[in-house]
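Following: one structure in structure tokens, then a few remarks.
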Amino acid sequence: MAQDTAEPSTAGVPAVELGSGSQSLTTTALGYGAMSIAGAYGHIEEQAALELLHGVYDRGVTFIDTANIYGRGVSESILGRFLTGRRHEIALATKCGIVPGAEVGKRSVNGRPEHIREQIDLSLGRLGTDYVDLYYLHRPDPDVPVEESVGALAELIQAGKVRGIGLSEHTGEEIRRGHAEHPITAVQSEWSIFARDVERYVIPACAELGIGFVAFSPVGRGILTDHFDPGGLAENDVRRKFPWFAAENIAHNHDLAGRVRALAAESDLPTAGLALAWLYAKAAMFGLHLAAIPGTRYVNHLDELLAGTDAELSAEAIAVLDALADQVHGDRSFNSAWVSGGREGLLPRS
Ligand SMILES: NC(=O)c1ccc[n+]([C@@H]2O[C@H](COP(=O)([O-])OP(=O)(O)OC[C@H]3O[C@@H](n4cnc5c(N)ncnc54)[C@H](OP(=O)(O)O)[C@@H]3O)[C@@H](O)[C@H]2O)c1
């Protein structure tokens, strides 16, 4: 495990308003992705996870993202312990809708109202709270109209269990339909230097409708950092099933990320910070309200990510980074129907 040698930052983390009107959520533009405390990218002890969450909080990052599926409740349960005594200082987001399938590693989707109503109560129990600030449908259910799922989420607002509704990996069209049923506070989808399909339909819909955007996997699951070892993935590392990390693609993609590393070195930024600075710059160009939610197990890695929140990139640097996504080998998902860009016909490579 890497050493935590960094001092907590005293710099304020910029704020962002996600959504509008009574459905808006003001929080930090850098959030923390708590899939990592359930061990998605390598083991972490519960005590270390709690210490990490304190490091996140001490650095002023107060937007925390989790889901019922992360470690099948493990991430939410650890967060529940962390939140004791500071619940109201945190903007807390969780998700429902992905259900473990019958076979190991298989998953399916359930966006039915009764499932949503059942899952919020289970999540609130694990989180030790009576409300969440943002509740996402983790994936659209092809068997349930998005209006029906959003209607069930809206009932949870009426019940005081949820403050704002989120959608995740919905297409531009699904976002527009969901928002017509009830205002959506935020859409969460993958967006990074290597994964730009959301810029076609999803981001324009969010910018036009005043919906916040929450970028997951903003450092490309680790490849857009200074410390990624392409030969070092553990047997059970979740990345092994993603095409970017497949044996035939990983060396090319790691070399391609070398251009990001080189630019970061020239800019005197950590590569992870540069990856985030690119996202904030792009969001400004789209007129989009953006929070990025990287995951990490180490506070010194978090400090590298934080460096991106106040970095300015030149137009030339942005243009160099803009050109890379088209050169990535492999799609961002192992199943193109699982993500918005696949269903929008934008992920032709798999
Ligand atoms: N809605 C969805 O369907 C969905 C899907 C995926 C993720 N998410 C959410 O988004 C969050 C972030 O996504 P993600 O975790 O998939 O991807 P990510 O944040 O792009 O990457 C996480 C990986 O990057 C590494 N990393 C982060 N900062 C680093 C640094 N400075 N130096 C070296 N390595 C670094 C982490 O390793 P270390 O632990 O070694 O730092 C980890 O392996 C998740 O935690 C989850 O909350 C949502």
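Residue numbers start at 1 in each chain; chains themselves are named A, B, ... in the order of the structure tokens; ligands are numbered from 1 in the order shown.
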
Requested in this report: Just the residues within 12 Å of Phe334 in chain A, please, counting only C-alpha atoms, with nothing from its chain fewer than 4 positions along; format it as number ranges by chain.
Outcome: A: 106, 238-246, 330, 338-339, 342, 347, 349-350

Query - Residues within 8 Å of ligand 1, counting only C-alpha atoms and all ligand atoms, as a PyMOL selection string - result: chain A and resi 2+32-37+40-42+64-67+95+138-139+168-169+188-190+192+215-228+270-273+293-298+300-305

Determine, counting only C-alpha atoms, which protein, DNA and RNA residues have an atom within 12 Å of an atom of Asp255 in chain A; residues of the same chain fewer than 4 positions away are not included. Present the result as a PDB file with C-alpha atoms, in the first residue's frame.
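This went into around_32.pdb:
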ATOM      1  CA  ILE A 223      -4.709   4.450 -16.734  1.00  0.00           C
ATOM      2  CA  LEU A 224      -4.688   8.292 -16.770  1.00  0.00           C
ATOM      3  CA  PHE A 228      -0.622   2.649 -13.404  1.00  0.00           C
ATOM      4  CA  ASP A 229       1.223  -0.626 -13.951  1.00  0.00           C
ATOM      5  CA  PRO A 230      -0.151  -2.400 -17.045  1.00  0.00           C
ATOM      6  CA  ASN A 249      -5.066  -3.469 -26.052  1.00  0.00           C
ATOM      7  CA  ILE A 250      -3.359  -2.641 -22.792  1.00  0.00           C
ATOM      8  CA  ALA A 251       0.144  -1.907 -24.104  1.00  0.00           C
ATOM      9  CA  ARG A 259       1.156  11.443 -24.090  1.00  0.00           C
ATOM     10  CA  VAL A 260      -1.034  12.572 -21.195  1.00  0.00           C
ATOM     11  CA  ARG A 261       1.796  11.816 -18.771  1.00  0.00           C
ATOM     12  CA  ALA A 262       4.244  13.806 -20.903  1.00  0.00           C
ATOM     13  CA  LEU A 324      -6.541  10.920 -27.944  1.00  0.00           C
ATOM     14  CA  GLN A 327      -6.981   6.432 -30.803  1.00  0.00           C
ATOM     15  CA  VAL A 328      -7.901   4.289 -27.798  1.00  0.00           C
ATOM     16  CA  HIS A 329      -8.133   0.571 -28.557  1.00  0.00           C
TER      17      HIS A 329
END

Query raised in the report: To one decimal place, how far is CA of Arg332 in chain A from CA of Val61 in chain A in Å?
Result: 27.0 Å

Query raised in the report: So how many Å separate CA of Thr27 in chain A and CA of Arg176 in chain A, to one decimal?
Result: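 Taking CA of Thr27 in chain A as the start and CA of Arg176 in chain A as the end point, the length is 23.7 Å.
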
Query raised in the report: Between A:Gly97, A:Pro113, A:Gly258, A:Pro14, which one has atoms that come closest to Phe63 in chain A, using only C-alpha atoms?
Result: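 For Phe63 in chain A, the nearest of the candidates is A:Pro14.
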
Which neighbours of Ile175 in chain A fall inside 9 Å, counting only C-alpha atoms, when residues of the same chain fewer than 2 positions from it are skipped, and could you give them as an mmCIF file with C-alpha atoms, in the first residue's frame?
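Listing of selection-v8.cif after writing:
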data_model
loop_
_atom_site.group_PDB
_atom_site.id
_atom_site.type_symbol
_atom_site.label_atom_id
_atom_site.label_comp_id
_atom_site.auth_asym_id
_atom_site.auth_seq_id
_atom_site.Cartn_x
_atom_site.Cartn_y
_atom_site.Cartn_z
ATOM 1 C CA VAL A 146 -37.830 5.589 -17.798
ATOM 2 C CA LEU A 167 -29.859 8.824 -13.803
ATOM 3 C CA HIS A 170 -28.990 6.893 -19.746
ATOM 4 C CA THR A 171 -28.999 8.080 -23.350
ATOM 5 C CA GLY A 172 -29.698 11.697 -24.297
ATOM 6 C CA GLU A 173 -33.216 10.701 -25.277
ATOM 7 C CA ARG A 177 -37.952 11.754 -21.187
ATOM 8 C CA GLY A 178 -37.020 11.271 -17.547
ATOM 9 C CA HIS A 179 -36.610 15.003 -16.985
ATOM 10 C CA ALA A 180 -40.056 15.654 -18.499
ATOM 11 C CA ILE A 184 -33.427 15.382 -12.792
ATOM 12 C CA VAL A 187 -26.726 12.411 -14.716
ATOM 13 C CA VAL A 202 -25.818 13.124 -23.174
ATOM 14 C CA ALA A 205 -29.051 17.293 -23.114
ATOM 15 C CA CYS A 206 -27.752 17.977 -19.586
#

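The nearest approach to Ala29 in chain A among the residues A:Ala284, A:Thr62, A:Gly232, A:Leu321, with only C-alpha atoms taken into account, belongs to A:Thr62.
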
Query raised in the report: Looking only at the backbone, which of the residues in range 31-129 of chain A does DSSP tag as helix (DSSP H, G or I), as number ranges by chain?
Result: A: 36-38, 46-58, 70-83, 87-89, 113-127

Query - Among listed residues A:Ser267, A:Asn236, A:Asn253, A:Thr309, nearest Gly31 in chain A (using only C-alpha atoms) - result: A:Thr309

Requested in this report: Please provide as a PyMOL selection string all residues within 10 Å of Val132 in chain A, with the sequence filter that same-chain residues fewer than 6 positions apart are discarded (counting only C-alpha atoms).
Outcome: chain A and resi 87+90-95+120+123-124+157+160-165
